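Note sheet for the following structure.
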Amino acid sequence: MKALELKEKTPDQLKEQLLALKKEAFNLRFQQATGQLESTARMRAVRRDVARVKTILNQKAAEAAASN
């Protein structure tokens with residue numbers, strides 16, 4: 001997921017994306033605990049995607065606060 005793609009989304013879409021990523025991260029942690037996880041690299045990618053989404057949400061919130 002690219003940061004430019006995220007910047008084009010609305011805050012509501014970003015919140016939905018964040019929720020989906022957190023669910024996926026939970027499922028990956030569960031799979032790891034039970035020994036069923038095949039791709040450990042996916043955990044890192046999801047964690048970084050969560051950080052990207054949070055960063056863009058914070059940037060959008062700061063822009064909205066600055067414009068008011």
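Lettering and numbering for the structure tokens are positional, with chains as A, B, ... in the shown order, residues counted from 1 in each chain, and ligands counted from 1 in the shown order.
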
| request: Extract the full set of helix (DSSP H, G or I) residues from chain A according to DSSP on the backbone, and format it as a PyMOL selection string. | output: chain A and resi 3-7+11-34+40-67

| If we count only C-alpha atoms, what is near A:Ala51 at a cut-off of 12 Å, once residues fewer than 5 positions away on the same chain are taken out, given as number ranges by chain? | A: 1-3, 6, 14, 17-18, 21-22, 44-46, 56-58

| field | Point-to-point distance from atom CA of A:Ala41 to atom CA of A:Arg29, Å rounded to tenths | value | 12.1 Å
